[in-house]
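Undergrad: One structure coming up, written as C-alpha cells, with questions to follow.
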Amino acid sequence: MSLLSRFPVGTNVYEREWDALIVLDTCRVDALREVAPEYDFIRDVDAIWSVGSASAEWIAQTFTERYREEVERTALVTANAFAQRVLGDREFPEDGRGISYTDWDTLHLNDFDHVDQPWKYAEPAPVGQCLPRPVTERAISVGRSVDPDRLVVHYEQPHHPFTARAIEEGRTELYPWEGEPFGYLKDGGEYERVWEAYLDNLRWVLDEVAILLENLDADRVVLSADHGNAYGEWGMYMHRYAVPVPEVRRVPWAKTTATDEETFEPTLEPPGVEPGIDTGAHLQELGYLV
C-alpha cells in the first residue's frame, strides 16, 4: 500500500468527462458485458484500470486534493460504509505491519457539494447489505433538489452477499454460494452457481439504474465500478488492497445518458439528526474483517 499510495496507478475518474457516475460495487467488465444485451441503456462496455482494488483504497485515491475543485462540485450518494470510514473518520487503508509509510492526500466529506449516505438510515434489508432502492430514491432526490455539477451514485450491489434471489423468493437464509461464495469456492463449490448468483445481484441493481436514468437529467452518464472481484483467478478470491489482478483492477466504463421523465417520485428522506450507526457491523455484513 505504501508504494501505491505515493504513486497510484490506474485512471482517476475525474480525468474523464461525465455528469453522473454510477458506481456498481465489485462489477467486473465481463459480467457487465454478459448482461448488457438485456438493458437498452448499456451499449459498448469499455474498460479502465481502477485506482484501487478495494473500496477504501478506491475512495482514498479518487477524492484527493489534486481534484479538489471537481470534488467541491460533486454530490455523493453512497451505500458504501467505507465513504464514512475513509472520508469522514479518516481511517485509511494501511500496510498492516504496525508502521505505515503511506501518503494519503484524501479530502473530507465536508469538501463535497453534498453527501447523502442512505445506508445509515434506510430500512434495513431483510438479509444482506443496503438495498439498492434507497440509493435510487436519494440519487433522484439529490439530482432534482441539489442539481450538482457532478453526481456520484455508489450502489452496494453486485457486492456479496448475493441476496437478490433470496429477497425475491422471500428467504432470510442464504445458500452457501450466496452468503459465503468465496469460502464455498475454496471448498470445491460450483463456480457456475456463484457466477449466476453474482449476475442476479448485478441485474437487481441494473433494474434500479434503469429507474434512475428515467428520473435524472444528465447528458453524460457512466456506469463503472470501484473494483472487481476474483473468483479463483491467479489463486485469488474476493478482493483486497494493492493487487494488480486484472479481474479485480480492471473495471467497466460504459457511457449512456439520462433524462428526467418524472416516472418515479421518491418518498425516502434522511433524518433531521444523523442516527448513531455501527459502521464496523455494516462492513462485517459485507464480509470484511474490521
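We label chains A, B, ... in the order they appear in the C-alpha cells, count residues from 1 in each chain, and number ligands from 1 in the order shown.
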So which residues of stretch 53-204 of chain A fall under alpha helix (DSSP H) by DSSP, listed as number ranges by chain?

TA: A: 55-62, 68-71, 82, 132-145, 164-169, 176-179, 181-186, 191-204

Undergrad: Do you have, as a tab-separated table, the list of residues of stretch 214-237 of chain A lying at most 10 Å from stretch 133-150 of chain A, each with its nearest atom pair and that distance in Å to one decimal, counting only C-alpha atoms and ordered by chain then number?

TA:
```
residue	atom	partner	partner_atom	distance
A:Glu214	CA	A:Ile140	CA	9.4
A:Asn215	CA	A:Ile140	CA	6.2
A:Leu216	CA	A:Ile140	CA	6.1
A:Asp217	CA	A:Gly143	CA	7.5
A:Ala218	CA	A:Arg150	CA	9.0
A:Arg220	CA	A:Arg150	CA	9.9
A:Val221	CA	A:Arg150	CA	9.9
```

Undergrad: Mind checking DSSP for stretch 154-273 of chain A and telling me the strand (DSSP E) residues as a PyMOL selection string?

TA: chain A and resi 154-155+218-224+230-231+237-238+250-258

Undergrad: Using only C-alpha atoms, please write the residues we just selected to a file, as a PDB file, in the first residue's frame.

TA:
```pdb
ATOM      1  CA  HIS A 154     -22.357   4.355  -5.356  1.00  0.00           C
ATOM      2  CA  TYR A 155     -24.551   1.248  -5.119  1.00  0.00           C
ATOM      3  CA  ALA A 218     -27.550  14.130 -17.107  1.00  0.00           C
ATOM      4  CA  ASP A 219     -26.191  14.224 -20.644  1.00  0.00           C
ATOM      5  CA  ARG A 220     -23.075  12.229 -19.840  1.00  0.00           C
ATOM      6  CA  VAL A 221     -23.640   9.208 -17.589  1.00  0.00           C
ATOM      7  CA  VAL A 222     -21.073   6.481 -16.988  1.00  0.00           C
ATOM      8  CA  LEU A 223     -21.543   3.055 -15.422  1.00  0.00           C
ATOM      9  CA  SER A 224     -18.365   1.907 -13.739  1.00  0.00           C
ATOM     10  CA  ALA A 230     -11.626 -12.529  -8.227  1.00  0.00           C
ATOM     11  CA  TYR A 231     -13.245 -15.947  -8.247  1.00  0.00           C
ATOM     12  CA  TYR A 237     -10.670 -14.818  -4.139  1.00  0.00           C
ATOM     13  CA  MET A 238     -12.760 -11.692  -3.451  1.00  0.00           C
ATOM     14  CA  ARG A 250      -9.972  -3.601 -14.431  1.00  0.00           C
ATOM     15  CA  VAL A 251     -13.451  -2.040 -14.259  1.00  0.00           C
ATOM     16  CA  PRO A 252     -16.202  -1.184 -16.752  1.00  0.00           C
ATOM     17  CA  TRP A 253     -16.605   2.184 -18.399  1.00  0.00           C
ATOM     18  CA  ALA A 254     -19.972   2.250 -20.159  1.00  0.00           C
ATOM     19  CA  LYS A 255     -21.386   5.548 -21.403  1.00  0.00           C
ATOM     20  CA  THR A 256     -25.086   6.333 -21.517  1.00  0.00           C
ATOM     21  CA  THR A 257     -27.423   9.253 -20.833  1.00  0.00           C
ATOM     22  CA  ALA A 258     -30.302  10.172 -18.532  1.00  0.00           C
TER      23      ALA A 258
END
```

Undergrad: Between A:Gln117, A:Thr102, A:Glu180, A:Pro93, which residue has the minimum interatomic distance to A:Arg240, considering only C-alpha atoms?

TA: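 The answer is A:Pro93, which sits nearest to A:Arg240.
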
Undergrad: Can you list, as a PyMOL selection string, every protein, DNA or RNA residue that comes within 6 Å of A:Gly228 when you count only C-alpha atoms, leaving out same-chain residues fewer than 4 positions away?

TA: chain A and resi 26-28+247-248

Undergrad: Please indicate the distance in Å from atom CA of A:Ala197 to atom CA of A:Pro124, rounded to one decimal place.

TA: 20.9 Å

Undergrad: Report, in Å with one decimal, the straight-line distance from atom CA of A:Glu233 to atom CA of A:Ile22.

TA: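 Pair atom CA of A:Glu233 / atom CA of A:Ile22 returns 26.1 Å.
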
Undergrad: So, with only C-alpha atoms as the atoms that count, which of A:Asp103, A:Glu261, A:Asp30, A:Glu57 lies closest to A:Asp44?

TA: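 For A:Asp44, the nearest of the given residues is A:Asp30.
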
Undergrad: Work out how far apart atom CA of A:Ala166 and atom CA of A:Ala54 are and give it in Å to one decimal.

TA: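 About the pair atom CA of A:Ala166 and atom CA of A:Ala54: they are 25.6 Å apart.
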
Undergrad: So, with only C-alpha atoms as the atoms that count, which of A:Phe264, A:Tyr191, A:Tyr241, A:Tyr198 lies closest to A:Gln61?

TA: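 Looking at the shortest contact to A:Gln61, the residue is A:Tyr241.
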
Undergrad: With distances taken over only C-alpha atoms, which residue among A:Val205, A:Ile59, A:Leu87, A:Val35 lies nearest A:Val115?

TA: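 Under the stated criterion, the closest residue is A:Leu87.
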